[in-house]
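Asks: Structure file run05.pdb (PDB, C-alpha atoms) is given on the next line.
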ATOM      1  CA  MET A 497     -18.178   7.796  18.471  1.00  0.00           C
ATOM      2  CA  THR A 498     -15.322   9.711  20.046  1.00  0.00           C
ATOM      3  CA  GLY A 499     -12.800  11.923  18.315  1.00  0.00           C
ATOM      4  CA  THR A 500     -10.092   9.347  18.969  1.00  0.00           C
ATOM      5  CA  ASP A 501     -11.991   6.802  16.846  1.00  0.00           C
ATOM      6  CA  THR A 502     -10.883   8.676  13.748  1.00  0.00           C
ATOM      7  CA  LEU A 503      -7.971  10.717  15.140  1.00  0.00           C
ATOM      8  CA  LEU A 504      -5.708   7.771  15.993  1.00  0.00           C
ATOM      9  CA  PRO A 505      -5.979   6.179  12.527  1.00  0.00           C
ATOM     10  CA  ALA A 506      -5.354   9.576  10.916  1.00  0.00           C
ATOM     11  CA  CYS A 507      -2.260   9.902  13.114  1.00  0.00           C
ATOM     12  CA  LEU A 508      -1.123   6.461  11.918  1.00  0.00           C
ATOM     13  CA  ALA A 509      -1.247   7.703   8.338  1.00  0.00           C
ATOM     14  CA  LEU A 510       0.542  10.954   9.207  1.00  0.00           C
ATOM     15  CA  VAL A 511       3.280   9.123  11.123  1.00  0.00           C
ATOM     16  CA  GLY A 512       3.648   6.756   8.169  1.00  0.00           C
ATOM     17  CA  ILE A 513       4.019   9.676   5.772  1.00  0.00           C
ATOM     18  CA  ALA A 514       6.498  11.468   8.046  1.00  0.00           C
ATOM     19  CA  THR A 515       8.631   8.383   8.626  1.00  0.00           C
ATOM     20  CA  GLY A 516       8.408   7.449   4.950  1.00  0.00           C
ATOM     21  CA  LEU A 517       9.748  10.864   3.986  1.00  0.00           C
ATOM     22  CA  MET A 518      12.819  10.202   6.088  1.00  0.00           C
ATOM     23  CA  TRP A 519      14.366   8.690   2.949  1.00  0.00           C
ATOM     24  CA  ARG A 520      15.301  12.303   2.203  1.00  0.00           C
ATOM     25  CA  LEU A 521      17.967  12.044   4.901  1.00  0.00           C
ATOM     26  CA  PRO A 522      21.109  10.788   3.103  1.00  0.00           C
ATOM     27  CA  ALA A 523      21.866   7.980   5.581  1.00  0.00           C
ATOM     28  CA  LEU A 524      18.297   6.672   5.455  1.00  0.00           C
ATOM     29  CA  GLU A 525      18.164   7.006   1.679  1.00  0.00           C
ATOM     30  CA  ARG A 526      21.263   4.805   1.444  1.00  0.00           C
ATOM     31  CA  LEU A 527      19.695   2.289   3.837  1.00  0.00           C
ATOM     32  CA  ASP A 528      16.373   2.328   1.939  1.00  0.00           C
ATOM     33  CA  THR A 529      18.227   1.832  -1.351  1.00  0.00           C
ATOM     34  CA  LEU A 530      20.412  -0.951   0.071  1.00  0.00           C
ATOM     35  CA  LEU A 531      17.380  -2.781   1.444  1.00  0.00           C
ATOM     36  CA  MET A 532      15.577  -2.441  -1.902  1.00  0.00           C
ATOM     37  CA  GLN A 533      18.623  -3.807  -3.736  1.00  0.00           C
ATOM     38  CA  ARG A 534      18.915  -6.770  -1.361  1.00  0.00           C
ATOM     39  CA  ILE A 535      15.248  -7.656  -1.786  1.00  0.00           C
ATOM     40  CA  ASN A 536      15.290  -6.973  -5.527  1.00  0.00           C
ATOM     41  CA  LYS A 537      18.390  -9.063  -6.248  1.00  0.00           C
ATOM     42  CA  ALA A 538      17.951 -11.849  -3.696  1.00  0.00           C
ATOM     43  CA  GLU A 539      18.081 -15.355  -5.081  1.00  0.00           C
ATOM     44  CA  VAL A 540      14.698 -16.931  -4.423  1.00  0.00           C
ATOM     45  CA  PRO A 541      12.850 -19.822  -6.034  1.00  0.00           C
ATOM     46  CA  GLY A 542      11.013 -18.839  -9.212  1.00  0.00           C
ATOM     47  CA  ALA A 543       7.760 -19.912  -7.576  1.00  0.00           C
ATOM     48  CA  ALA A 544       8.168 -17.147  -4.975  1.00  0.00           C
ATOM     49  CA  ASP A 545       8.395 -14.493  -7.699  1.00  0.00           C
ATOM     50  CA  ARG A 546       5.346 -15.964  -9.425  1.00  0.00           C
ATOM     51  CA  VAL A 547       3.355 -15.856  -6.179  1.00  0.00           C
ATOM     52  CA  LEU A 548       4.396 -12.238  -5.536  1.00  0.00           C
ATOM     53  CA  GLY A 549       3.472 -11.405  -9.124  1.00  0.00           C
ATOM     54  CA  LEU A 550       0.017 -12.904  -8.647  1.00  0.00           C
ATOM     55  CA  MET A 551      -0.429 -11.110  -5.319  1.00  0.00           C
ATOM     56  CA  ARG A 552       0.154  -7.803  -7.100  1.00  0.00           C
ATOM     57  CA  ILE A 553      -3.421  -8.061  -8.374  1.00  0.00           C
ATOM     58  CA  ALA A 554      -4.641  -7.293  -4.823  1.00  0.00           C
ATOM     59  CA  GLY A 555      -3.123  -3.803  -5.099  1.00  0.00           C
ATOM     60  CA  THR A 556      -4.367  -2.853  -8.551  1.00  0.00           C
ATOM     61  CA  THR A 557      -6.997  -0.196  -9.077  1.00  0.00           C
ATOM     62  CA  PRO A 558      -9.507  -2.472 -10.910  1.00  0.00           C
ATOM     63  CA  PHE A 559      -9.330  -5.100  -8.122  1.00  0.00           C
ATOM     64  CA  PHE A 560      -9.664  -2.355  -5.493  1.00  0.00           C
ATOM     65  CA  ILE A 561     -12.741  -0.868  -7.156  1.00  0.00           C
ATOM     66  CA  ALA A 562     -14.317  -4.284  -7.751  1.00  0.00           C
ATOM     67  CA  LEU A 563     -13.978  -5.297  -4.098  1.00  0.00           C
ATOM     68  CA  LEU A 564     -15.295  -1.936  -2.896  1.00  0.00           C
ATOM     69  CA  VAL A 565     -18.334  -2.359  -5.174  1.00  0.00           C
ATOM     70  CA  ILE A 566     -18.917  -5.875  -3.836  1.00  0.00           C
ATOM     71  CA  VAL A 567     -18.676  -4.654  -0.233  1.00  0.00           C
ATOM     72  CA  GLY A 568     -20.948  -1.704  -1.070  1.00  0.00           C
ATOM     73  CA  LEU A 569     -23.563  -4.021  -2.583  1.00  0.00           C
ATOM     74  CA  ALA A 570     -23.333  -6.415   0.365  1.00  0.00           C
ATOM     75  CA  ARG A 571     -23.498  -3.575   2.917  1.00  0.00           C
ATOM     76  CA  PRO A 572     -25.312  -0.619   1.295  1.00  0.00           C
ATOM     77  CA  ALA A 573     -25.089   1.426   4.508  1.00  0.00           C
ATOM     78  CA  TRP A 574     -21.296   1.409   4.120  1.00  0.00           C
ATOM     79  CA  ALA A 575     -21.133   2.200   0.421  1.00  0.00           C
ATOM     80  CA  LEU A 576     -20.960   6.004   0.413  1.00  0.00           C
ATOM     81  CA  GLY A 577     -18.631   6.387   3.403  1.00  0.00           C
ATOM     82  CA  LEU A 578     -16.341   3.631   2.205  1.00  0.00           C
ATOM     83  CA  ALA A 579     -16.205   5.068  -1.313  1.00  0.00           C
ATOM     84  CA  LEU A 580     -15.421   8.560  -0.018  1.00  0.00           C
ATOM     85  CA  THR A 581     -12.712   7.201   2.268  1.00  0.00           C
ATOM     86  CA  ALA A 582     -11.157   5.248  -0.606  1.00  0.00           C
ATOM     87  CA  VAL A 583     -11.175   8.367  -2.782  1.00  0.00           C
ATOM     88  CA  VAL A 584      -9.515  10.405  -0.018  1.00  0.00           C
ATOM     89  CA  ALA A 585      -6.797   7.739   0.395  1.00  0.00           C
ATOM     90  CA  GLU A 586      -6.211   7.690  -3.383  1.00  0.00           C
ATOM     91  CA  VAL A 587      -6.044  11.499  -3.541  1.00  0.00           C
ATOM     92  CA  ILE A 588      -3.565  11.659  -0.655  1.00  0.00           C
ATOM     93  CA  THR A 589      -1.405   9.068  -2.405  1.00  0.00           C
ATOM     94  CA  LYS A 590      -1.548  10.845  -5.788  1.00  0.00           C
ATOM     95  CA  VAL A 591      -0.846  14.295  -4.299  1.00  0.00           C
ATOM     96  CA  LEU A 592       2.175  12.930  -2.410  1.00  0.00           C
ATOM     97  CA  LYS A 593       3.462  11.359  -5.632  1.00  0.00           C
ATOM     98  CA  LEU A 594       3.138  14.682  -7.462  1.00  0.00           C
ATOM     99  CA  VAL A 595       4.671  16.760  -4.668  1.00  0.00           C
ATOM    100  CA  VAL A 596       7.549  14.448  -3.666  1.00  0.00           C
ATOM    101  CA  ARG A 597       8.380  13.099  -7.160  1.00  0.00           C
ATOM    102  CA  ARG A 598      10.711  10.316  -6.025  1.00  0.00           C
ATOM    103  CA  LYS A 599      12.205   8.384  -8.915  1.00  0.00           C
ATOM    104  CA  ARG A 600      11.348   4.720  -9.087  1.00  0.00           C
ATOM    105  CA  PRO A 601      14.207   2.301  -8.344  1.00  0.00           C
ATOM    106  CA  PHE A 602      14.351   1.050 -11.926  1.00  0.00           C
ATOM    107  CA  ALA A 603      14.678   4.658 -13.140  1.00  0.00           C
ATOM    108  CA  ALA A 604      17.288   5.644 -10.543  1.00  0.00           C
ATOM    109  CA  ASP A 605      19.526   2.555 -10.760  1.00  0.00           C
ATOM    110  CA  ALA A 606      20.270   0.709 -14.005  1.00  0.00           C
ATOM    111  CA  GLY A 607      21.221  -2.389 -11.971  1.00  0.00           C
ATOM    112  CA  VAL A 608      17.701  -2.958 -10.633  1.00  0.00           C
ATOM    113  CA  VAL A 609      16.096  -6.174 -11.859  1.00  0.00           C
ATOM    114  CA  VAL A 610      12.684  -5.242 -13.276  1.00  0.00           C
ATOM    115  CA  ARG A 611       9.957  -7.830 -12.747  1.00  0.00           C
ATOM    116  CA  LEU A 612       6.970  -5.962 -14.125  1.00  0.00           C
ATOM    117  CA  PRO A 613       4.782  -6.597 -17.165  1.00  0.00           C
ATOM    118  CA  ARG A 614       4.867  -2.838 -17.852  1.00  0.00           C
ATOM    119  CA  LEU A 615       6.704   0.021 -16.228  1.00  0.00           C
ATOM    120  CA  PRO A 616       4.716   2.502 -14.156  1.00  0.00           C
ATOM    121  CA  ILE A 617       5.184   6.121 -15.219  1.00  0.00           C
ATOM    122  CA  ASP A 618       4.163   7.899 -12.013  1.00  0.00           C
ATOM    123  CA  PRO A 619       6.611   8.655  -9.187  1.00  0.00           C
ATOM    124  CA  SER A 620       7.545   6.064  -6.580  1.00  0.00           C
ATOM    125  CA  PHE A 621       6.557   7.638  -3.237  1.00  0.00           C
ATOM    126  CA  PRO A 622       4.223   6.378  -1.791  1.00  0.00           C
ATOM    127  CA  SER A 623       3.183   2.992  -3.155  1.00  0.00           C
ATOM    128  CA  GLY A 624      -0.410   3.147  -4.373  1.00  0.00           C
ATOM    129  CA  ASP A 625      -0.597  -0.632  -4.699  1.00  0.00           C
ATOM    130  CA  ALA A 626       0.475  -1.060  -1.066  1.00  0.00           C
ATOM    131  CA  MET A 627      -2.069   1.573  -0.006  1.00  0.00           C
ATOM    132  CA  ARG A 628      -4.927  -0.191  -1.814  1.00  0.00           C
ATOM    133  CA  ALA A 629      -3.916  -3.643  -0.514  1.00  0.00           C
ATOM    134  CA  ALA A 630      -3.686  -2.312   3.055  1.00  0.00           C
ATOM    135  CA  PHE A 631      -7.053  -0.569   2.708  1.00  0.00           C
ATOM    136  CA  LEU A 632      -8.712  -3.827   1.630  1.00  0.00           C
ATOM    137  CA  SER A 633      -6.818  -5.802   4.275  1.00  0.00           C
ATOM    138  CA  GLY A 634      -7.819  -3.331   6.968  1.00  0.00           C
ATOM    139  CA  LEU A 635     -11.415  -3.646   5.855  1.00  0.00           C
ATOM    140  CA  THR A 636     -11.378  -7.269   6.998  1.00  0.00           C
ATOM    141  CA  LEU A 637     -10.236  -6.076  10.437  1.00  0.00           C
ATOM    142  CA  ALA A 638     -12.098  -2.819  10.833  1.00  0.00           C
ATOM    143  CA  GLY A 639     -15.679  -3.233   9.823  1.00  0.00           C
ATOM    144  CA  THR A 640     -16.427  -6.863   9.248  1.00  0.00           C
ATOM    145  CA  SER A 641     -16.739 -10.037  11.232  1.00  0.00           C
ATOM    146  CA  MET A 642     -14.474 -12.156   9.076  1.00  0.00           C
ATOM    147  CA  PRO A 643     -13.071 -15.468  10.310  1.00  0.00           C
ATOM    148  CA  SER A 644      -9.533 -15.180  11.678  1.00  0.00           C
ATOM    149  CA  TRP A 645      -8.058 -17.166   8.755  1.00  0.00           C
ATOM    150  CA  ALA A 646      -9.534 -14.636   6.284  1.00  0.00           C
ATOM    151  CA  VAL A 647      -8.113 -11.719   8.277  1.00  0.00           C
ATOM    152  CA  LEU A 648      -4.700 -13.402   8.341  1.00  0.00           C
ATOM    153  CA  LEU A 649      -4.832 -14.020   4.586  1.00  0.00           C
ATOM    154  CA  ALA A 650      -5.783 -10.382   3.971  1.00  0.00           C
ATOM    155  CA  ILE A 651      -2.887  -9.117   6.083  1.00  0.00           C
ATOM    156  CA  LEU A 652      -0.463 -11.496   4.363  1.00  0.00           C
ATOM    157  CA  ALA A 653      -1.774 -10.309   0.990  1.00  0.00           C
ATOM    158  CA  ALA A 654      -1.086  -6.659   1.892  1.00  0.00           C
ATOM    159  CA  ILE A 655       2.431  -7.551   3.043  1.00  0.00           C
ATOM    160  CA  GLY A 656       2.938  -9.673  -0.059  1.00  0.00           C
ATOM    161  CA  VAL A 657       1.828  -6.839  -2.343  1.00  0.00           C
ATOM    162  CA  GLY A 658       4.284  -4.483  -0.639  1.00  0.00           C
ATOM    163  CA  LEU A 659       7.143  -6.980  -0.755  1.00  0.00           C
ATOM    164  CA  GLY A 660       6.348  -7.726  -4.390  1.00  0.00           C
ATOM    165  CA  ARG A 661       6.532  -4.033  -5.281  1.00  0.00           C
ATOM    166  CA  VAL A 662      10.056  -3.832  -3.828  1.00  0.00           C
ATOM    167  CA  ARG A 663      11.068  -7.164  -5.369  1.00  0.00           C
ATOM    168  CA  SER A 664       9.799  -6.041  -8.788  1.00  0.00           C
ATOM    169  CA  GLY A 665      11.959  -2.893  -8.753  1.00  0.00           C
ATOM    170  CA  ALA A 666       8.959  -0.565  -8.640  1.00  0.00           C
ATOM    171  CA  HIS A 667       9.355   0.790  -5.079  1.00  0.00           C
ATOM    172  CA  TYR A 668      11.676   1.319  -2.168  1.00  0.00           C
ATOM    173  CA  PRO A 669      10.715  -0.123   1.246  1.00  0.00           C
ATOM    174  CA  LEU A 670       9.804   3.309   2.650  1.00  0.00           C
ATOM    175  CA  ASP A 671       7.446   3.888  -0.305  1.00  0.00           C
ATOM    176  CA  VAL A 672       5.665   0.671   0.634  1.00  0.00           C
ATOM    177  CA  TRP A 673       5.664   1.492   4.352  1.00  0.00           C
ATOM    178  CA  THR A 674       3.992   4.820   3.648  1.00  0.00           C
ATOM    179  CA  GLY A 675       1.414   3.288   1.311  1.00  0.00           C
ATOM    180  CA  LEU A 676       0.538   0.651   3.911  1.00  0.00           C
ATOM    181  CA  THR A 677       0.058   3.241   6.663  1.00  0.00           C
ATOM    182  CA  ILE A 678      -2.120   5.454   4.456  1.00  0.00           C
ATOM    183  CA  GLY A 679      -4.320   2.480   3.542  1.00  0.00           C
ATOM    184  CA  PHE A 680      -4.668   1.143   7.066  1.00  0.00           C
ATOM    185  CA  GLY A 681      -5.085   4.650   8.511  1.00  0.00           C
ATOM    186  CA  ALA A 682      -7.848   5.543   6.042  1.00  0.00           C
ATOM    187  CA  VAL A 683      -9.895   2.373   6.512  1.00  0.00           C
ATOM    188  CA  PHE A 684      -9.538   2.447  10.305  1.00  0.00           C
ATOM    189  CA  ALA A 685     -10.641   6.100  10.303  1.00  0.00           C
ATOM    190  CA  TRP A 686     -13.705   5.044   8.277  1.00  0.00           C
ATOM    191  CA  ALA A 687     -14.411   2.204  10.723  1.00  0.00           C
ATOM    192  CA  GLY A 688     -14.054   4.595  13.650  1.00  0.00           C
ATOM    193  CA  ALA A 689     -16.614   6.897  12.086  1.00  0.00           C
ATOM    194  CA  LEU A 690     -19.184   4.084  11.707  1.00  0.00           C
TER     195      LEU A 690
END
Can the structure from this file be put into structure tokens for me?
Replies:
Amino acid sequence: MTGTDTLLPACLALVGIATGLMWRLPALERLDTLLMQRINKAEVPGAADRVLGLMRIAGTTPFFIALLVIVGLARPAWALGLALTAVVAEVITKVLKLVVRRKRPFAADAGVVVRLPRLPIDPSFPSGDAMRAAFLSGLTLAGTSMPSWAVLLAILAAIGVGLGRVRSGAHYPLDVWTGLTIGFGAVFAWAGAL
């Protein structure tokens, strides 16, 4: 293992965080907000919203933990490292939420259409659901020999979770971008350390 096996994925996460924080620049905040509004208010078939709503499950904490347990049971040699990496990714996400404290779109703009069964109470930046979905998606790429159709489905699920979080009014696009890069960066760093 070389230092670049874990350094490059860590850099991916750091670049994702840095570029995600660019919403603090007024012009990019307006663009991020405009893009969220366009996605949130776009007229799409009801089936598309139902599919995005179902895909949200792939980013939830219980689903994340369940899949990590299954992978850990199937590959015991991975269990501890994978669990520690997942905890680090979760901690990074939670600390950023507490430090940055970005308001969620539905809390910042009364015109946002909310498509959530219940409103999250934590801050918006970064998206934890996108991070978890990307982590699990990256797992299919990084440390397993999955068939290409399964890898494609996992990547589409991560993208779908992120898109669904913007569509539901829970996140801005840069929140999702940052969550995705933290998730992919963490799991690729773990794979590099194997």
Asks: Set the distance at 12 Å and use only C-alpha atoms: which residues neighbour A:Ala653 once local chain neighbours fewer than 5 positions away are removed? I'd like the list as a VMD selection string.
Replies: chain A and resid 547 to 555 625 to 634 636 646 to 648 658 to 660 676
Asks: Expand the PyMOL selection byres ((chain A and resi 590) around 12) into the individual residues it matches in the shown file, reporting them as a ChimeraX atom specification.
Replies: /A:583-589,591-597,618-625,627,675,678
Asks: List, as a list in words, every residue that the PyMOL selection byres ((chain A and resi 502-511) around 8) selects in the file provided.
Replies: Thr498, Gly499, Thr500, Asp501, Gly512, Ile513, Ala514, Thr515, Thr674, Thr677, Ile678, Gly679, Phe680, Gly681, Ala682, Phe684, Ala685, Trp686, Ala687, Gly688 and Ala689 of chain A
Asks: For those residues, write C-alpha atoms to a file as a JSON list (two decimals), keeping the file's coordinate frame.
Replies:
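Output (out.json):
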[["chain", "number", "residue", "atom", "x", "y", "z"],
["A", 498, "THR", "CA", -15.32, 9.71, 20.05],
["A", 499, "GLY", "CA", -12.80, 11.92, 18.32],
["A", 500, "THR", "CA", -10.09, 9.35, 18.97],
["A", 501, "ASP", "CA", -11.99, 6.80, 16.85],
["A", 512, "GLY", "CA", 3.65, 6.76, 8.17],
["A", 513, "ILE", "CA", 4.02, 9.68, 5.77],
["A", 514, "ALA", "CA", 6.50, 11.47, 8.05],
["A", 515, "THR", "CA", 8.63, 8.38, 8.63],
["A", 674, "THR", "CA", 3.99, 4.82, 3.65],
["A", 677, "THR", "CA", 0.06, 3.24, 6.66],
["A", 678, "ILE", "CA", -2.12, 5.45, 4.46],
["A", 679, "GLY", "CA", -4.32, 2.48, 3.54],
["A", 680, "PHE", "CA", -4.67, 1.14, 7.07],
["A", 681, "GLY", "CA", -5.08, 4.65, 8.51],
["A", 682, "ALA", "CA", -7.85, 5.54, 6.04],
["A", 684, "PHE", "CA", -9.54, 2.45, 10.30],
["A", 685, "ALA", "CA", -10.64, 6.10, 10.30],
["A", 686, "TRP", "CA", -13.70, 5.04, 8.28],
["A", 687, "ALA", "CA", -14.41, 2.20, 10.72],
["A", 688, "GLY", "CA", -14.05, 4.60, 13.65],
["A", 689, "ALA", "CA", -16.61, 6.90, 12.09]]
Asks: Tell me, as a PDB file with C-alpha atoms, in the frame of the given file, which residues lie within 12 Å of A:Glu525, counting all atoms listed in the file; anything in the same chain fewer than 5 positions away does not count.
Replies:
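The file below, selection33.pdb, is the result:
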ATOM      1  CA  THR A 515       8.631   8.383   8.626  1.00  0.00           C
ATOM      2  CA  GLY A 516       8.408   7.449   4.950  1.00  0.00           C
ATOM      3  CA  LEU A 517       9.748  10.864   3.986  1.00  0.00           C
ATOM      4  CA  MET A 518      12.819  10.202   6.088  1.00  0.00           C
ATOM      5  CA  TRP A 519      14.366   8.690   2.949  1.00  0.00           C
ATOM      6  CA  ARG A 520      15.301  12.303   2.203  1.00  0.00           C
ATOM      7  CA  LEU A 530      20.412  -0.951   0.071  1.00  0.00           C
ATOM      8  CA  LEU A 531      17.380  -2.781   1.444  1.00  0.00           C
ATOM      9  CA  MET A 532      15.577  -2.441  -1.902  1.00  0.00           C
ATOM     10  CA  ARG A 598      10.711  10.316  -6.025  1.00  0.00           C
ATOM     11  CA  PRO A 601      14.207   2.301  -8.344  1.00  0.00           C
ATOM     12  CA  TYR A 668      11.676   1.319  -2.168  1.00  0.00           C
ATOM     13  CA  PRO A 669      10.715  -0.123   1.246  1.00  0.00           C
ATOM     14  CA  LEU A 670       9.804   3.309   2.650  1.00  0.00           C
ATOM     15  CA  ASP A 671       7.446   3.888  -0.305  1.00  0.00           C
TER      16      ASP A 671
END
Asks: Which residues match the PyMOL selection byres ((chain A and resi 666) around 9) in the file above, as JSON, numbers by chain?
Replies: {"A": [600, 601, 602, 603, 610, 611, 612, 615, 616, 620, 623, 660, 661, 662, 663, 664, 665, 667, 668]}
Asks: Closest to A:Val567 among A:Leu524, A:Gly542, A:Leu635, A:Pro613, using only C-alpha atoms?
Replies: A:Leu635
Asks: I'd like the interatomic distance between atom CA of A:Ala582 and atom CA of A:Leu563, to a tenth of an Å.
Replies: 11.5 Å
